[in-house]
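Here is the structure we will look at.
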Amino acid sequence: MTNFETVKQNLEARGYAVRVFPTGEAAADYLDAAISGKSVGFGGSATLEALGLYERLGRRNKTVWHWKWEDPAAARREALATDVYLTSANALAETGELVNIDGTGNRAAATLYGHEKVFFVIGRNKLAPSYDGAVWRARNVAAPQRARQLGKKTPCAVTCDRCYDCKSPERICRGLAVLWGPMMGMEAEVLLVDEDLGL
């Protein structure tokens, strides 16, 4: 089992609530029990999709996700005003920084403002030993994989080996958000999962 103790302690010292789960299914069970009667926005996340959370939480909540709605732009706007927001992170430093790269900005913006609570569901594969390592992972591992998944015409999507800091109009890494702690006036909880989840 992954030793999450250091990152858990560092996240808690920064003001996050933290829970550790052996499996994604256990984390999904927890979220299903913890969220009821709320409006729930989803950020683009292979982790959340793999856990089937949109369908599961939709049984007792109003769920909003641009990956699932016919009008993605409307869903992105509506998700910014939900009670609760769910996402993952492109990387999590053991020192406690959460790093996300975004193309349209909806996911990054939603982790910064506007919700009662934000949940981050993070698999063990997202861990990096340091802040610099987390930024490196977000840029050189997660972003190229996502660009390839989306069929983008960018150098990183072709080689899937690193960021080329390209100027392509199809570039998906347009903004970087780093959270050093929960934003004021908004609860944040990190669910650490002892499985490889997402990109």
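Each chain in the structure tokens gets a letter, A, B, ..., in the order shown, and its residues are numbered from 1; ligands are numbered from 1 in order too.
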
Could you please write out, as a PyMOL selection string, every residue of chain A that DSSP assigns to strand (DSSP E or B)? chain A and resi 17-21+39-42+62-65+84-87+91-93+98-102+117-123+127-128+175-179+187-193

Would you list the contacts of range 40-47 of chain A as a PDB file with N, CA and C atoms, in the first residue's frame, taking every protein, DNA or RNA residue within 6 Å and counting only C-alpha atoms, but skipping same-chain residues closer than 2 positions in sequence?
```pdb
ATOM      1  N   GLU A  49     -14.553  10.117 -14.279  1.00  0.00           N
ATOM      2  CA  GLU A  49     -15.257   9.288 -15.258  1.00  0.00           C
ATOM      3  C   GLU A  49     -15.061   7.810 -14.957  1.00  0.00           C
ATOM      4  N   ALA A  50     -13.830   7.418 -14.633  1.00  0.00           N
ATOM      5  CA  ALA A  50     -13.544   6.013 -14.337  1.00  0.00           C
ATOM      6  C   ALA A  50     -14.336   5.510 -13.133  1.00  0.00           C
ATOM      7  N   THR A  63     -26.577  17.058 -11.194  1.00  0.00           N
ATOM      8  CA  THR A  63     -25.196  16.991 -11.636  1.00  0.00           C
ATOM      9  C   THR A  63     -25.007  17.737 -12.952  1.00  0.00           C
ATOM     10  N   VAL A  64     -23.863  18.417 -13.057  1.00  0.00           N
ATOM     11  CA  VAL A  64     -23.558  19.250 -14.217  1.00  0.00           C
ATOM     12  C   VAL A  64     -22.144  18.927 -14.682  1.00  0.00           C
ATOM     13  N   TRP A  65     -22.046  18.451 -15.942  1.00  0.00           N
ATOM     14  CA  TRP A  65     -20.715  18.124 -16.473  1.00  0.00           C
ATOM     15  C   TRP A  65     -20.682  18.361 -17.972  1.00  0.00           C
ATOM     16  N   ALA A  79     -21.781  24.813 -14.033  1.00  0.00           N
ATOM     17  CA  ALA A  79     -20.976  24.107 -13.028  1.00  0.00           C
ATOM     18  C   ALA A  79     -20.240  25.071 -12.103  1.00  0.00           C
ATOM     19  N   THR A  82     -22.472  25.746  -8.889  1.00  0.00           N
ATOM     20  CA  THR A  82     -23.032  24.637  -8.106  1.00  0.00           C
ATOM     21  C   THR A  82     -22.599  24.727  -6.644  1.00  0.00           C
ATOM     22  N   VAL A  84     -21.408  22.183  -4.850  1.00  0.00           N
ATOM     23  CA  VAL A  84     -20.225  21.351  -4.671  1.00  0.00           C
ATOM     24  C   VAL A  84     -19.540  21.171  -6.021  1.00  0.00           C
ATOM     25  N   TYR A  85     -18.223  21.067  -6.004  1.00  0.00           N
ATOM     26  CA  TYR A  85     -17.473  20.836  -7.239  1.00  0.00           C
ATOM     27  C   TYR A  85     -16.530  19.668  -7.029  1.00  0.00           C
ATOM     28  N   LEU A  86     -16.503  18.759  -8.014  1.00  0.00           N
ATOM     29  CA  LEU A  86     -15.610  17.605  -7.973  1.00  0.00           C
ATOM     30  C   LEU A  86     -14.606  17.704  -9.108  1.00  0.00           C
ATOM     31  N   THR A  87     -13.368  17.382  -8.806  1.00  0.00           N
ATOM     32  CA  THR A  87     -12.337  17.348  -9.824  1.00  0.00           C
ATOM     33  C   THR A  87     -11.210  16.453  -9.328  1.00  0.00           C
ATOM     34  N   ARG A 107     -12.234  24.496 -15.092  1.00  0.00           N
ATOM     35  CA  ARG A 107     -11.857  23.627 -13.970  1.00  0.00           C
ATOM     36  C   ARG A 107     -10.980  24.380 -12.969  1.00  0.00           C
ATOM     37  N   LEU A 197      -5.219   6.310 -11.044  1.00  0.00           N
ATOM     38  CA  LEU A 197      -6.478   6.823 -11.600  1.00  0.00           C
ATOM     39  C   LEU A 197      -6.191   8.013 -12.505  1.00  0.00           C
ATOM     40  N   GLY A 198      -6.838   8.029 -13.652  1.00  0.00           N
ATOM     41  CA  GLY A 198      -6.714   9.172 -14.555  1.00  0.00           C
ATOM     42  C   GLY A 198      -5.337   9.287 -15.175  1.00  0.00           C
TER      43      GLY A 198
END
```

Can you list every residue of range 80-141 of chain A that has an atom at most 10 Å from range 17-28 of chain A, with its nearest atom pair and the distance in Å to one decimal, using only C-alpha atoms, ordered by chain then number, as a tab-separated table?
```
residue	atom	partner	partner_atom	distance
A:Phe119	CA	A:Ala17	CA	9.5
A:Phe120	CA	A:Val18	CA	9.6
A:Val121	CA	A:Ala27	CA	7.9
A:Ile122	CA	A:Gly24	CA	9.2
A:Gly123	CA	A:Gly24	CA	8.0
```

Given only C-alpha atoms as the basis, pick out the residue of A:Ala128, A:Cys166, A:Ala147, A:Val118 nearest to Ser88 in chain A. A:Val118

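Shell of Arg146 in chain A at 10 Å, with only C-alpha atoms counted and residues fewer than 2 places along the chain excluded, is Ser45, Ala46, Val141, Ala142, Ala143, Pro144, Arg148, Gln149, Leu150, Gly151, Lys152, Cys156, Ala157, Cys160, Ile172, Cys173, Gly198 and Leu199 of chain A.
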
Expected file: the selected residues, N, CA, C and O atoms, as an mmCIF file, in the first residue's frame:
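That gives us out_6.cif:
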```cif
data_model
loop_
_atom_site.group_PDB
_atom_site.id
_atom_site.type_symbol
_atom_site.label_atom_id
_atom_site.label_comp_id
_atom_site.auth_asym_id
_atom_site.auth_seq_id
_atom_site.Cartn_x
_atom_site.Cartn_y
_atom_site.Cartn_z
ATOM 1 N N SER A 45 -12.229 15.279 -16.007
ATOM 2 C CA SER A 45 -11.385 14.391 -15.216
ATOM 3 C C SER A 45 -11.608 12.939 -15.603
ATOM 4 O O SER A 45 -12.718 12.416 -15.446
ATOM 5 N N ALA A 46 -10.550 12.302 -16.080
ATOM 6 C CA ALA A 46 -10.620 10.869 -16.380
ATOM 7 C C ALA A 46 -10.828 10.067 -15.096
ATOM 8 O O ALA A 46 -11.434 9.000 -15.109
ATOM 9 N N VAL A 141 3.594 14.989 -18.309
ATOM 10 C CA VAL A 141 2.947 13.672 -18.274
ATOM 11 C C VAL A 141 1.450 13.821 -18.558
ATOM 12 O O VAL A 141 0.929 13.300 -19.543
ATOM 13 N N ALA A 142 0.749 14.559 -17.688
ATOM 14 C CA ALA A 142 -0.706 14.651 -17.813
ATOM 15 C C ALA A 142 -1.148 15.379 -19.076
ATOM 16 O O ALA A 142 -2.016 14.894 -19.816
ATOM 17 N N ALA A 143 -0.581 16.556 -19.330
ATOM 18 C CA ALA A 143 -1.036 17.355 -20.481
ATOM 19 C C ALA A 143 -0.798 16.657 -21.822
ATOM 20 O O ALA A 143 -1.710 16.619 -22.659
ATOM 21 N N PRO A 144 0.377 16.087 -22.076
ATOM 22 C CA PRO A 144 0.550 15.377 -23.348
ATOM 23 C C PRO A 144 -0.400 14.191 -23.526
ATOM 24 O O PRO A 144 -0.920 13.967 -24.620
ATOM 25 N N ARG A 148 -3.170 13.941 -26.550
ATOM 26 C CA ARG A 148 -3.262 12.769 -27.433
ATOM 27 C C ARG A 148 -4.664 12.167 -27.376
ATOM 28 O O ARG A 148 -5.249 11.824 -28.408
ATOM 29 N N GLN A 149 -5.217 12.045 -26.174
ATOM 30 C CA GLN A 149 -6.559 11.489 -26.001
ATOM 31 C C GLN A 149 -7.595 12.285 -26.797
ATOM 32 O O GLN A 149 -8.534 11.727 -27.356
ATOM 33 N N LEU A 150 -7.403 13.604 -26.844
ATOM 34 C CA LEU A 150 -8.334 14.476 -27.550
ATOM 35 C C LEU A 150 -8.036 14.599 -29.048
ATOM 36 O O LEU A 150 -8.776 15.260 -29.771
ATOM 37 N N GLY A 151 -6.963 13.958 -29.503
ATOM 38 C CA GLY A 151 -6.614 14.009 -30.916
ATOM 39 C C GLY A 151 -6.124 15.366 -31.375
ATOM 40 O O GLY A 151 -6.310 15.747 -32.535
ATOM 41 N N LYS A 152 -5.469 16.100 -30.476
ATOM 42 C CA LYS A 152 -4.992 17.441 -30.815
ATOM 43 C C LYS A 152 -3.759 17.371 -31.707
ATOM 44 O O LYS A 152 -2.956 16.445 -31.630
ATOM 45 N N CYS A 156 3.297 17.596 -28.451
ATOM 46 C CA CYS A 156 3.233 16.682 -27.306
ATOM 47 C C CYS A 156 2.276 15.524 -27.552
ATOM 48 O O CYS A 156 2.488 14.414 -27.064
ATOM 49 N N ALA A 157 1.211 15.766 -28.317
ATOM 50 C CA ALA A 157 0.252 14.699 -28.603
ATOM 51 C C ALA A 157 0.850 13.647 -29.519
ATOM 52 O O ALA A 157 0.514 12.468 -29.437
ATOM 53 N N CYS A 160 3.994 12.320 -27.039
ATOM 54 C CA CYS A 160 3.517 12.006 -25.689
ATOM 55 C C CYS A 160 4.673 11.821 -24.703
ATOM 56 O O CYS A 160 4.601 11.010 -23.786
ATOM 57 N N ILE A 172 -3.767 22.695 -25.452
ATOM 58 C CA ILE A 172 -4.752 22.601 -24.378
ATOM 59 C C ILE A 172 -4.209 23.100 -23.043
ATOM 60 O O ILE A 172 -4.976 23.286 -22.104
ATOM 61 N N CYS A 173 -2.910 23.284 -22.936
ATOM 62 C CA CYS A 173 -2.343 23.784 -21.673
ATOM 63 C C CYS A 173 -2.146 25.298 -21.798
ATOM 64 O O CYS A 173 -1.139 25.764 -22.300
ATOM 65 N N GLY A 198 -6.838 8.029 -13.652
ATOM 66 C CA GLY A 198 -6.714 9.172 -14.555
ATOM 67 C C GLY A 198 -5.337 9.287 -15.175
ATOM 68 O O GLY A 198 -4.559 8.339 -15.213
ATOM 69 N N LEU A 199 -5.087 10.493 -15.706
ATOM 70 C CA LEU A 199 -3.837 10.745 -16.404
ATOM 71 C C LEU A 199 -2.826 11.354 -15.452
ATOM 72 O O LEU A 199 -1.957 12.025 -15.739
#
```

Residues near Asp83 in chain A, anyone? I mean within 7 Å using only C-alpha atoms, not counting same-chain ones fewer than 5 positions away, as a ChimeraX atom specification. /A:38-40,115-117

If you keep N, CA, C and O atoms, can you produce a file of those selected residues as a compact mmCIF listing (two decimals), in the first residue's frame?
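The result, written out as again_14.txt:
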```txt
# COMPACT_ATOMS: atom_id res chain seq x y z
N LYS A 38 -27.68 18.20 -3.31
CA LYS A 38 -26.86 19.34 -3.71
C LYS A 38 -26.81 19.45 -5.23
O LYS A 38 -27.10 18.50 -5.96
N SER A 39 -26.39 20.61 -5.71
CA SER A 39 -26.00 20.72 -7.11
C SER A 39 -24.50 20.47 -7.16
O SER A 39 -23.74 20.99 -6.34
N VAL A 40 -24.09 19.61 -8.10
CA VAL A 40 -22.70 19.15 -8.14
C VAL A 40 -22.12 19.40 -9.53
O VAL A 40 -22.60 18.85 -10.52
N HIS A 115 -17.93 27.90 -4.61
CA HIS A 115 -18.63 26.71 -4.14
C HIS A 115 -18.59 26.62 -2.62
O HIS A 115 -17.70 27.17 -1.98
N GLU A 116 -19.55 25.88 -2.07
CA GLU A 116 -19.49 25.57 -0.64
C GLU A 116 -18.27 24.68 -0.36
O GLU A 116 -17.57 24.86 0.63
N LYS A 117 -18.07 23.72 -1.28
CA LYS A 117 -16.99 22.75 -1.05
C LYS A 117 -16.48 22.20 -2.37
O LYS A 117 -17.24 22.03 -3.31
```

Proximity to Thr104 in chain A - best of A:Arg171, A:Arg14, A:Arg59, A:Arg137, only C-alpha atoms: A:Arg171

If we count only C-alpha atoms, what is near Gly181 in chain A at a cut-off of 10 Å, once residues fewer than 3 positions away on the same chain are taken out, given as a count of residues only? 12

Near-Ile35 in chain A list (10 Å; only C-alpha atoms; drop same-chain fewer than 6 positions) as a CSV table (one decimal) with N, CA and C atoms, in the first residue's frame:
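The resulting file, around_19.csv, is reproduced below:
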```csv
chain,number,residue,atom,x,y,z
A,57,LEU,N,-23.8,10.0,-8.5
A,57,LEU,CA,-24.3,11.2,-7.7
A,57,LEU,C,-25.5,11.8,-8.3
A,60,ARG,N,-29.2,11.4,-6.6
A,60,ARG,CA,-29.7,12.2,-5.4
A,60,ARG,C,-29.3,13.6,-5.5
A,61,ASN,N,-28.7,14.0,-6.6
A,61,ASN,CA,-28.2,15.4,-6.7
A,61,ASN,C,-28.4,15.9,-8.2
A,84,VAL,N,-21.4,22.2,-4.8
A,84,VAL,CA,-20.2,21.4,-4.7
A,84,VAL,C,-19.5,21.2,-6.0
```

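Proximity of A:Lys167, A:Ala134, A:Leu48, A:Lys62 to Lys153 in chain A, computed with only C-alpha atoms, is greatest for A:Lys167.
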
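Each of A:Tyr54, A:His66, A:Leu92, A:Gln9 was compared to Trp180 in chain A using only C-alpha atoms, and A:Leu92 turns out to be the nearest.
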
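When DSSP reads the backbone of this structure, the residues of range 60-143 of chain A it assigns to alpha helix (DSSP H) are Pro72, Ala73, Ala74, Ala75, Arg76, Arg77, Glu78, Ala79, Asn106, Arg107, Ala108, Ala109, Ala110, Thr111, Leu112, Tyr131, Asp132, Gly133, Ala134, Val135, Trp136, Arg137 and Ala143 of chain A.
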